[in-house]
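*Asks:* Structure file protein29.csv (CSV, N, CA and C atoms) is given on the next line.
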chain,number,residue,atom,x,y,z
A,1,VAL,N,5.2,4.7,9.2
A,1,VAL,CA,5.2,4.7,7.7
A,1,VAL,C,3.8,5.0,7.2
A,2,GLN,N,3.7,5.9,6.3
A,2,GLN,CA,2.4,6.2,5.7
A,2,GLN,C,2.5,6.3,4.2
A,3,LEU,N,1.5,5.8,3.5
A,3,LEU,CA,1.3,6.0,2.1
A,3,LEU,C,-0.1,6.6,1.9
A,4,GLN,N,-0.2,7.8,1.5
A,4,GLN,CA,-1.4,8.5,1.4
A,4,GLN,C,-1.8,8.7,-0.1
A,5,ALA,N,-2.8,8.0,-0.5
A,5,ALA,CA,-3.2,8.1,-1.9
A,5,ALA,C,-4.3,9.1,-2.0
A,6,SER,N,-4.4,9.8,-3.2
A,6,SER,CA,-5.4,10.8,-3.4
A,6,SER,C,-5.6,10.9,-4.9
A,7,GLY,N,-6.7,11.6,-5.3
A,7,GLY,CA,-6.9,11.9,-6.7
A,7,GLY,C,-8.0,11.2,-7.3
A,8,GLY,N,-8.6,10.2,-6.6
A,8,GLY,CA,-9.7,9.5,-7.1
A,8,GLY,C,-11.0,10.3,-7.3
A,9,GLY,N,-12.0,9.8,-7.9
A,9,GLY,CA,-13.2,10.5,-8.1
A,9,GLY,C,-14.1,9.9,-9.2
A,10,LEU,N,-15.1,10.6,-9.6
A,10,LEU,CA,-16.0,10.2,-10.6
A,10,LEU,C,-15.7,10.9,-11.9
A,11,VAL,N,-15.6,10.1,-13.0
A,11,VAL,CA,-15.2,10.6,-14.3
A,11,VAL,C,-16.0,9.8,-15.3
A,12,GLN,N,-16.3,10.5,-16.4
A,12,GLN,CA,-17.0,9.8,-17.5
A,12,GLN,C,-16.0,9.0,-18.3
A,13,ALA,N,-16.6,8.0,-19.0
A,13,ALA,CA,-15.7,7.2,-19.9
A,13,ALA,C,-15.0,8.0,-20.9
A,14,GLY,N,-13.8,7.7,-21.1
A,14,GLY,CA,-13.0,8.5,-22.0
A,14,GLY,C,-12.2,9.6,-21.3
A,15,GLY,N,-12.5,9.9,-20.1
A,15,GLY,CA,-11.8,10.9,-19.3
A,15,GLY,C,-10.5,10.5,-18.7
A,16,SER,N,-9.9,11.4,-17.9
A,16,SER,CA,-8.6,11.2,-17.3
A,16,SER,C,-8.7,11.5,-15.9
A,17,LEU,N,-7.8,10.9,-15.1
A,17,LEU,CA,-7.5,11.2,-13.7
A,17,LEU,C,-6.0,11.0,-13.4
A,18,ARG,N,-5.5,11.7,-12.5
A,18,ARG,CA,-4.2,11.5,-12.0
A,18,ARG,C,-4.2,11.2,-10.5
A,19,LEU,N,-3.7,10.0,-10.2
A,19,LEU,CA,-3.6,9.7,-8.8
A,19,LEU,C,-2.3,10.0,-8.2
A,20,SER,N,-2.2,10.4,-7.0
A,20,SER,CA,-1.0,10.7,-6.3
A,20,SER,C,-0.8,9.8,-5.0
A,21,CYS,N,0.4,9.5,-4.7
A,21,CYS,CA,0.6,8.8,-3.4
A,21,CYS,C,1.9,9.4,-2.8
A,22,VAL,N,1.7,10.0,-1.6
A,22,VAL,CA,2.8,10.6,-0.9
A,22,VAL,C,3.3,9.6,0.2
A,23,VAL,N,4.5,9.3,0.2
A,23,VAL,CA,5.1,8.4,1.2
A,23,VAL,C,5.9,9.1,2.3
A,24,SER,N,5.7,8.7,3.5
A,24,SER,CA,6.5,9.2,4.6
A,24,SER,C,6.9,8.1,5.5
A,25,GLY,N,8.1,8.3,6.1
A,25,GLY,CA,8.6,7.3,7.0
A,25,GLY,C,9.5,6.3,6.4
A,26,LEU,N,9.8,6.4,5.1
A,26,LEU,CA,10.7,5.6,4.4
A,26,LEU,C,11.6,6.4,3.5
A,27,THR,N,12.7,5.8,3.1
A,27,THR,CA,13.6,6.5,2.2
A,27,THR,C,13.1,6.3,0.8
A,28,PHE,N,12.3,7.3,0.3
A,28,PHE,CA,11.5,7.1,-0.9
A,28,PHE,C,12.3,6.6,-2.1
A,29,ARG,N,13.5,7.2,-2.3
A,29,ARG,CA,14.3,6.9,-3.5
A,29,ARG,C,14.7,5.5,-3.6
A,30,THR,N,14.7,4.8,-2.5
A,30,THR,CA,15.2,3.4,-2.5
A,30,THR,C,14.0,2.4,-2.7
A,31,LEU,N,12.8,2.9,-2.8
A,31,LEU,CA,11.6,2.0,-2.9
A,31,LEU,C,11.2,1.7,-4.3
A,32,VAL,N,10.7,0.5,-4.5
A,32,VAL,CA,10.0,0.2,-5.7
A,32,VAL,C,8.5,0.6,-5.3
A,33,MET,N,7.9,1.3,-6.3
A,33,MET,CA,6.5,1.8,-6.1
A,33,MET,C,5.6,1.1,-7.0
A,34,GLY,N,4.4,0.7,-6.5
A,34,GLY,CA,3.4,0.1,-7.4
A,34,GLY,C,2.0,0.6,-7.2
A,35,TRP,N,1.2,0.4,-8.1
A,35,TRP,CA,-0.2,0.7,-8.0
A,35,TRP,C,-1.0,-0.6,-8.3
A,36,PHE,N,-2.0,-0.9,-7.4
A,36,PHE,CA,-2.9,-2.0,-7.6
A,36,PHE,C,-4.3,-1.5,-7.5
A,37,ARG,N,-5.2,-2.3,-7.9
A,37,ARG,CA,-6.6,-1.9,-7.9
A,37,ARG,C,-7.5,-3.1,-7.5
A,38,GLN,N,-8.6,-2.8,-6.9
A,38,GLN,CA,-9.6,-3.8,-6.5
A,38,GLN,C,-11.0,-3.4,-6.9
A,39,ALA,N,-11.6,-4.1,-7.8
A,39,ALA,CA,-12.9,-3.8,-8.2
A,39,ALA,C,-13.9,-4.6,-7.3
A,40,PRO,N,-15.1,-4.1,-7.2
A,40,PRO,CA,-16.1,-4.8,-6.3
A,40,PRO,C,-16.2,-6.3,-6.7
A,41,GLY,N,-16.1,-7.2,-5.7
A,41,GLY,CA,-16.2,-8.6,-5.9
A,41,GLY,C,-15.0,-9.3,-6.6
A,42,LYS,N,-13.9,-8.5,-6.7
A,42,LYS,CA,-12.8,-9.1,-7.4
A,42,LYS,C,-11.5,-9.0,-6.5
A,43,GLU,N,-10.5,-9.8,-6.9
A,43,GLU,CA,-9.3,-9.8,-6.2
A,43,GLU,C,-8.5,-8.5,-6.6
A,44,ARG,N,-7.6,-8.1,-5.7
A,44,ARG,CA,-6.8,-7.0,-5.9
A,44,ARG,C,-5.8,-7.4,-7.0
A,45,GLU,N,-5.6,-6.5,-8.0
A,45,GLU,CA,-4.8,-6.8,-9.1
A,45,GLU,C,-3.7,-5.7,-9.4
A,46,PHE,N,-2.6,-6.2,-10.0
A,46,PHE,CA,-1.6,-5.3,-10.3
A,46,PHE,C,-2.0,-4.3,-11.5
A,47,VAL,N,-1.5,-3.1,-11.3
A,47,VAL,CA,-1.7,-2.1,-12.4
A,47,VAL,C,-0.4,-1.7,-13.0
A,48,ALA,N,0.5,-1.1,-12.2
A,48,ALA,CA,1.8,-0.6,-12.7
A,48,ALA,C,2.8,-0.6,-11.6
A,49,ALA,N,4.1,-0.6,-12.0
A,49,ALA,CA,5.1,-0.5,-11.0
A,49,ALA,C,6.3,0.2,-11.6
A,50,LEU,N,7.1,0.8,-10.7
A,50,LEU,CA,8.2,1.6,-11.2
A,50,LEU,C,9.4,1.3,-10.3
A,51,LYS,N,10.5,0.9,-11.0
A,51,LYS,CA,11.8,0.6,-10.3
A,51,LYS,C,12.4,1.8,-9.6
A,52,ARG,N,13.3,1.6,-8.7
A,52,ARG,CA,13.9,2.6,-7.9
A,52,ARG,C,14.5,3.8,-8.8
A,53,GLY,N,15.1,3.4,-9.9
A,53,GLY,CA,15.8,4.4,-10.7
A,53,GLY,C,14.9,5.1,-11.7
A,54,SER,N,13.6,4.8,-11.7
A,54,SER,CA,12.6,5.4,-12.5
A,54,SER,C,12.8,5.1,-14.0
A,55,LEU,N,13.7,4.3,-14.3
A,55,LEU,CA,13.9,4.0,-15.8
A,55,LEU,C,13.1,2.8,-16.3
A,56,THR,N,12.7,2.0,-15.4
A,56,THR,CA,12.0,0.8,-15.9
A,56,THR,C,10.6,0.7,-15.2
A,57,THR,N,9.6,0.6,-16.0
A,57,THR,CA,8.2,0.4,-15.5
A,57,THR,C,7.6,-0.9,-16.0
A,58,TYR,N,6.6,-1.3,-15.2
A,58,TYR,CA,5.8,-2.5,-15.6
A,58,TYR,C,4.4,-2.1,-15.6
A,59,SER,N,3.6,-2.6,-16.5
A,59,SER,CA,2.2,-2.2,-16.6
A,59,SER,C,1.4,-3.5,-16.9
A,60,ALA,N,0.2,-3.6,-16.4
A,60,ALA,CA,-0.7,-4.7,-16.7
A,60,ALA,C,-1.2,-4.5,-18.2
A,61,ASP,N,-1.4,-5.6,-18.9
A,61,ASP,CA,-1.8,-5.5,-20.3
A,61,ASP,C,-3.1,-4.6,-20.4
A,62,SER,N,-4.0,-4.7,-19.4
A,62,SER,CA,-5.2,-4.0,-19.5
A,62,SER,C,-5.1,-2.5,-19.5
A,63,VAL,N,-3.9,-2.0,-19.1
A,63,VAL,CA,-3.8,-0.5,-19.0
A,63,VAL,C,-2.7,0.0,-19.8
A,64,LYS,N,-2.0,-0.9,-20.5
A,64,LYS,CA,-0.8,-0.4,-21.4
A,64,LYS,C,-1.3,0.6,-22.4
A,65,GLY,N,-0.6,1.6,-22.6
A,65,GLY,CA,-0.9,2.7,-23.5
A,65,GLY,C,-1.9,3.7,-23.0
A,66,ARG,N,-2.5,3.4,-21.8
A,66,ARG,CA,-3.5,4.3,-21.3
A,66,ARG,C,-3.0,4.9,-19.9
A,67,PHE,N,-2.3,4.1,-19.1
A,67,PHE,CA,-1.9,4.5,-17.8
A,67,PHE,C,-0.4,4.7,-17.8
A,68,THR,N,0.1,5.7,-17.0
A,68,THR,CA,1.5,5.9,-16.9
A,68,THR,C,1.9,6.1,-15.5
A,69,ILE,N,2.9,5.4,-15.0
A,69,ILE,CA,3.3,5.6,-13.6
A,69,ILE,C,4.6,6.4,-13.7
A,70,SER,N,4.8,7.3,-12.7
A,70,SER,CA,5.9,8.1,-12.6
A,70,SER,C,6.2,8.5,-11.1
A,71,ARG,N,7.4,9.0,-10.9
A,71,ARG,CA,7.7,9.3,-9.5
A,71,ARG,C,8.5,10.6,-9.4
A,72,ASP,N,8.3,11.3,-8.3
A,72,ASP,CA,9.1,12.5,-8.0
A,72,ASP,C,9.8,12.3,-6.7
A,73,ASN,N,11.1,11.9,-6.8
A,73,ASN,CA,11.8,11.6,-5.6
A,73,ASN,C,11.9,12.7,-4.5
A,74,PRO,N,12.2,13.9,-4.9
A,74,PRO,CA,12.3,15.0,-3.9
A,74,PRO,C,10.9,15.2,-3.2
A,75,GLU,N,9.8,14.9,-3.9
A,75,GLU,CA,8.5,15.1,-3.3
A,75,GLU,C,8.0,13.8,-2.6
A,76,ASN,N,8.7,12.8,-2.7
A,76,ASN,CA,8.3,11.5,-2.1
A,76,ASN,C,6.9,11.0,-2.6
A,77,THR,N,6.7,11.2,-3.9
A,77,THR,CA,5.4,11.0,-4.5
A,77,THR,C,5.5,10.1,-5.7
A,78,VAL,N,4.6,9.2,-5.8
A,78,VAL,CA,4.4,8.4,-7.0
A,78,VAL,C,3.0,8.8,-7.6
A,79,TYR,N,3.0,8.8,-9.0
A,79,TYR,CA,1.7,9.2,-9.7
A,79,TYR,C,1.3,8.1,-10.6
A,80,LEU,N,0.0,8.1,-10.8
A,80,LEU,CA,-0.6,7.2,-11.9
A,80,LEU,C,-1.5,8.1,-12.7
A,81,GLN,N,-1.0,8.4,-13.9
A,81,GLN,CA,-1.8,9.1,-14.9
A,81,GLN,C,-2.7,8.1,-15.6
A,82,MET,N,-4.0,8.3,-15.6
A,82,MET,CA,-4.9,7.4,-16.2
A,82,MET,C,-5.7,8.1,-17.3
A,83,ASN,N,-5.5,7.7,-18.5
A,83,ASN,CA,-6.2,8.3,-19.6
A,83,ASN,C,-7.2,7.3,-20.3
A,84,THR,N,-8.1,7.8,-21.1
A,84,THR,CA,-9.0,7.0,-21.8
A,84,THR,C,-9.7,5.9,-20.9
A,85,LEU,N,-10.2,6.4,-19.8
A,85,LEU,CA,-10.8,5.5,-18.8
A,85,LEU,C,-12.1,4.9,-19.3
A,86,THR,N,-12.3,3.6,-18.8
A,86,THR,CA,-13.5,2.9,-19.2
A,86,THR,C,-14.2,2.5,-17.9
A,87,PRO,N,-15.4,2.1,-17.9
A,87,PRO,CA,-16.1,1.6,-16.7
A,87,PRO,C,-15.4,0.4,-16.1
A,88,GLU,N,-14.7,-0.4,-16.9
A,88,GLU,CA,-13.9,-1.5,-16.3
A,88,GLU,C,-12.7,-1.1,-15.4
A,89,ASP,N,-12.4,0.2,-15.5
A,89,ASP,CA,-11.3,0.7,-14.6
A,89,ASP,C,-11.8,1.1,-13.2
A,90,THR,N,-13.1,1.0,-13.0
A,90,THR,CA,-13.7,1.4,-11.8
A,90,THR,C,-13.2,0.4,-10.7
A,91,ALA,N,-12.6,1.0,-9.6
A,91,ALA,CA,-12.0,0.2,-8.6
A,91,ALA,C,-11.5,1.1,-7.5
A,92,VAL,N,-11.1,0.6,-6.4
A,92,VAL,CA,-10.3,1.3,-5.4
A,92,VAL,C,-8.8,1.0,-5.8
A,93,TYR,N,-8.1,2.1,-5.9
A,93,TYR,CA,-6.7,2.1,-6.3
A,93,TYR,C,-5.8,2.2,-5.1
A,94,TYR,N,-4.8,1.3,-5.0
A,94,TYR,CA,-3.9,1.3,-3.8
A,94,TYR,C,-2.5,1.5,-4.3
A,95,CYS,N,-1.8,2.4,-3.6
A,95,CYS,CA,-0.3,2.5,-3.9
A,95,CYS,C,0.4,1.6,-2.9
A,96,ALA,N,1.5,1.1,-3.3
A,96,ALA,CA,2.3,0.1,-2.5
A,96,ALA,C,3.8,0.4,-2.6
A,97,ALA,N,4.5,0.1,-1.6
A,97,ALA,CA,6.0,0.3,-1.6
A,97,ALA,C,6.7,-1.0,-1.3
A,98,GLY,N,7.7,-1.3,-2.0
A,98,GLY,CA,8.5,-2.5,-1.8
A,98,GLY,C,9.9,-2.1,-1.4
A,99,THR,N,10.4,-2.8,-0.4
A,99,THR,CA,11.8,-2.5,0.1
A,99,THR,C,12.8,-3.6,-0.3
A,100,ARG,N,12.2,-4.8,-0.7
A,100,ARG,CA,13.1,-5.9,-0.9
A,100,ARG,C,13.0,-6.6,-2.2
A,101,ILE,N,12.3,-6.0,-3.2
A,101,ILE,CA,12.1,-6.6,-4.5
A,101,ILE,C,13.4,-6.7,-5.2
A,102,ASP,N,13.8,-7.9,-5.6
A,102,ASP,CA,15.0,-8.1,-6.4
A,102,ASP,C,14.9,-9.1,-7.5
A,103,SER,N,13.6,-9.4,-7.9
A,103,SER,CA,13.4,-10.2,-9.1
A,103,SER,C,12.2,-9.6,-9.9
A,104,ASN,N,12.3,-9.8,-11.2
A,104,ASN,CA,11.2,-9.2,-12.0
A,104,ASN,C,9.8,-9.7,-11.7
A,105,TYR,N,9.8,-10.9,-11.2
A,105,TYR,CA,8.5,-11.6,-10.9
A,105,TYR,C,7.7,-10.8,-9.9
A,106,TYR,N,8.4,-10.3,-8.9
A,106,TYR,CA,7.7,-9.7,-7.7
A,106,TYR,C,7.3,-8.3,-7.9
A,107,TYR,N,7.7,-7.7,-9.0
A,107,TYR,CA,7.3,-6.3,-9.3
A,107,TYR,C,5.8,-6.3,-9.5
A,108,THR,N,5.2,-7.3,-10.0
A,108,THR,CA,3.8,-7.4,-10.4
A,108,THR,C,2.9,-8.2,-9.4
A,109,GLN,N,3.5,-8.6,-8.3
A,109,GLN,CA,2.8,-9.4,-7.3
A,109,GLN,C,2.6,-8.7,-6.0
A,110,ARG,N,1.5,-8.9,-5.4
A,110,ARG,CA,1.2,-8.3,-4.1
A,110,ARG,C,2.2,-8.6,-3.0
A,111,ALA,N,2.7,-9.9,-3.1
A,111,ALA,CA,3.6,-10.3,-2.1
A,111,ALA,C,4.9,-9.6,-2.1
A,112,GLY,N,5.2,-8.9,-3.2
A,112,GLY,CA,6.5,-8.2,-3.3
A,112,GLY,C,6.5,-6.9,-2.5
A,113,TYR,N,5.4,-6.4,-2.1
A,113,TYR,CA,5.3,-5.1,-1.5
A,113,TYR,C,5.0,-5.2,0.0
A,114,ASP,N,5.7,-4.3,0.8
A,114,ASP,CA,5.7,-4.3,2.2
A,114,ASP,C,4.7,-3.4,2.8
A,115,TYR,N,4.4,-2.3,2.2
A,115,TYR,CA,3.6,-1.2,2.7
A,115,TYR,C,2.5,-0.8,1.7
A,116,TRP,N,1.3,-0.6,2.3
A,116,TRP,CA,0.2,-0.2,1.4
A,116,TRP,C,-0.5,1.0,2.0
A,117,GLY,N,-1.0,1.8,1.0
A,117,GLY,CA,-1.9,2.9,1.4
A,117,GLY,C,-3.4,2.4,1.5
A,118,LYS,N,-4.2,3.3,1.9
A,118,LYS,CA,-5.6,2.9,2.2
A,118,LYS,C,-6.5,2.9,0.9
A,119,GLY,N,-6.0,3.5,-0.1
A,119,GLY,CA,-6.7,3.4,-1.4
A,119,GLY,C,-7.6,4.6,-1.7
A,120,THR,N,-7.8,4.8,-2.9
A,120,THR,CA,-8.6,5.9,-3.4
A,120,THR,C,-9.6,5.4,-4.5
A,121,LEU,N,-10.8,5.8,-4.4
A,121,LEU,CA,-11.9,5.2,-5.3
A,121,LEU,C,-11.9,5.9,-6.6
A,122,VAL,N,-11.9,5.2,-7.6
A,122,VAL,CA,-12.1,5.7,-9.0
A,122,VAL,C,-13.3,5.1,-9.6
A,123,THR,N,-14.3,5.9,-10.0
A,123,THR,CA,-15.5,5.5,-10.6
A,123,THR,C,-15.6,6.1,-12.0
A,124,VAL,N,-15.8,5.2,-12.9
A,124,VAL,CA,-15.9,5.6,-14.3
A,124,VAL,C,-17.3,5.3,-14.8
A,125,SER,N,-18.0,6.4,-15.2
A,125,SER,CA,-19.4,6.2,-15.7
A,125,SER,C,-19.5,6.0,-17.2
A,126,SER,N,-20.4,5.3,-17.6
A,126,SER,CA,-20.5,5.0,-19.1
A,126,SER,C,-21.4,6.1,-19.8
Turn this file's structure into structure tokens for me.

*Replies:*
Amino acid sequence: VQLQASGGGLVQAGGSLRLSCVVSGLTFRTLVMGWFRQAPGKEREFVAALKRGSLTTYSADSVKGRFTISRDNPENTVYLQMNTLTPEDTAVYYCAAGTRIDSNYYYTQRAGYDYWGKGTLVTVSS
């Protein structure tokens, strides 16, 4: 099983980035997909999640209205479109896959996810 995240980089405040995460070794369409992030010296935190059917998403309050999660099932890929970035968004971003999530609580919790990618660094300059 592999989750390969990409798309991170250095961007100025107010700019945009799109992260991608390609999943292999799992039946992608059956997975709940999530994005988390970890800033220096902080705990890893939830960013966004997308249910299997792509109709329901969850987002952290800090990114609502700015970040959008989406998926392309034929391409086994989940995306995180990030707009209006601020220096507070600087972090390593991780994609995660959940195979057993069946309650709303666990969509936003690290414990709900079974597989993790290695992360991609996003740096937002002021």

*Asks:* Between atom N of Thr108 in chain A and atom N of Thr57 in chain A, what distance in Å does the model show, to one decimal?

*Replies:* 10.9 Å

*Asks:* Can you pull out the residues contacting Leu10 in chain A? Cut-off 6 Å, using only N, CA and C atoms, and skip same-chain residues under 5 positions away; I want them as number ranges by chain.

*Replies:* A: 122-124

*Asks:* Find the residues near Lys118 in chain A: any atom within 6.5 Å, counting only N, CA and C atoms, skip ones fewer than 3 places away on the same chain, and give them as a PyMOL selection string.

*Replies:* chain A and resi 3-5+93-95

*Asks:* For each of A:Val47, A:Ala97, A:Val11, A:Leu17, take the minimum atom-to-atom distance to Ser59 in chain A, counting all atoms listed in the file, then give the residue where this is smallest.

*Replies:* A:Val47

*Asks:* Which residues are close to Val22 in chain A, i.e. within 9 Å by only C-alpha atoms, leaving aside same-chain residues fewer than 3 positions away? Reply as a list in words.

*Replies:*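 Result of the neighbour search: Gln2, Leu3, Gln4, Ala5, Ser6, Glu75, Asn76, Thr77, Val78 and Tyr79 of chain A.
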
*Asks:* Out of chain A, which residues get helix (DSSP H, G or I) from DSSP, as JSON, numbers by chain?

*Replies:* {"A": [28, 29, 30, 73, 74, 75, 87, 88, 89, 104, 105, 106, 107, 110, 111, 112]}

*Asks:* I'd like to know which of A:Ala91, A:Leu80, A:Ala111, A:Ile101 is closest to Pro40 in chain A, using only C-alpha atoms.

*Replies:*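 Checking each candidate against Pro40 in chain A, we get A:Ala91 as the closest.
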
*Asks:* Tell me which of A:Arg18, A:Thr27, A:Ser70, A:Ala39 sits closest to Ser54 in chain A, counting all atoms listed in the file.

*Replies:*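 That would be A:Ser70, the residue with the smallest distance to Ser54 in chain A.
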
*Asks:* Given the choices A:Thr30, A:Ser20, A:Ser125, A:Asn73, which gets closest to Glu88 in chain A if the distance is worked out from only C-alpha atoms?

*Replies:*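 Of A:Thr30, A:Ser20, A:Ser125, A:Asn73, the one nearest Glu88 in chain A, counting only C-alpha atoms, is A:Ser125.
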
*Asks:* My list of candidates is A:Thr84, A:Gly117, A:Tyr106, A:Val92. Which is closest to Gly9 in chain A when distances are computed with only C-alpha atoms?

*Replies:*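 With only C-alpha atoms as the atom set, the closest residue is A:Val92.
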
*Asks:* Identify which of the residues A:Thr86, A:Leu55, A:Ser16, A:Met33 lies closest to Thr99 in chain A, counting only N, CA and C atoms when measuring atom-to-atom distances.

*Replies:*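 The closest residue to Thr99 in chain A is A:Met33.
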
*Asks:* Which residues come within 8 Å of Leu85 in chain A, counting only C-alpha atoms, excluding same-chain residues fewer than 6 positions away, as a compact mmCIF listing (two decimals) with N, CA and C atoms, keeping the file's coordinate frame?

*Replies:*
# COMPACT_ATOMS: atom_id res chain seq x y z
N GLN A 12 -16.30 10.50 -16.40
CA GLN A 12 -17.00 9.80 -17.50
C GLN A 12 -16.00 9.00 -18.30
N ALA A 13 -16.60 8.00 -19.00
CA ALA A 13 -15.70 7.20 -19.90
C ALA A 13 -15.00 8.00 -20.90
N GLY A 14 -13.80 7.70 -21.10
CA GLY A 14 -13.00 8.50 -22.00
C GLY A 14 -12.20 9.60 -21.30
N GLY A 15 -12.50 9.90 -20.10
CA GLY A 15 -11.80 10.90 -19.30
C GLY A 15 -10.50 10.50 -18.70
N SER A 16 -9.90 11.40 -17.90
CA SER A 16 -8.60 11.20 -17.30
C SER A 16 -8.70 11.50 -15.90
N ARG A 66 -2.50 3.40 -21.80
CA ARG A 66 -3.50 4.30 -21.30
C ARG A 66 -3.00 4.90 -19.90
N VAL A 124 -15.80 5.20 -12.90
CA VAL A 124 -15.90 5.60 -14.30
C VAL A 124 -17.30 5.30 -14.80

*Asks:* One decimal, Å: what's the distance from CA of Ala96 in chain A over to atom N of Tyr113 in chain A, could you say?

*Replies:*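 Distance between the two atoms: 7.2 Å.
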
*Asks:* What are the DSSP strand (DSSP E or B) residues of chain A, as an MDAnalysis selection string?

*Replies:* chainID A and resid 2:6 9:12 17:24 32:38 45:50 57:59 67:72 77:82 91:98 115:116 120:125

*Asks:* Taking (6.5, 3.2, 7.8) in the coordinates of the supplied file, I want to know which residues reach to within 6 Å of it, counting only C-alpha atoms; could you give the answer as a list in words?

*Replies:*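 Output of the proximity query reads Val1, Gln2, Gly25 and Leu26 of chain A.
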
*Asks:* So the first atom is atom C of Ala49 in chain A and the second is atom N of Tyr107 in chain A; what is the distance between them in Å, to one decimal place?

*Replies:*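 Computed distance, atom C of Ala49 in chain A to atom N of Tyr107 in chain A, equals 8.4 Å.
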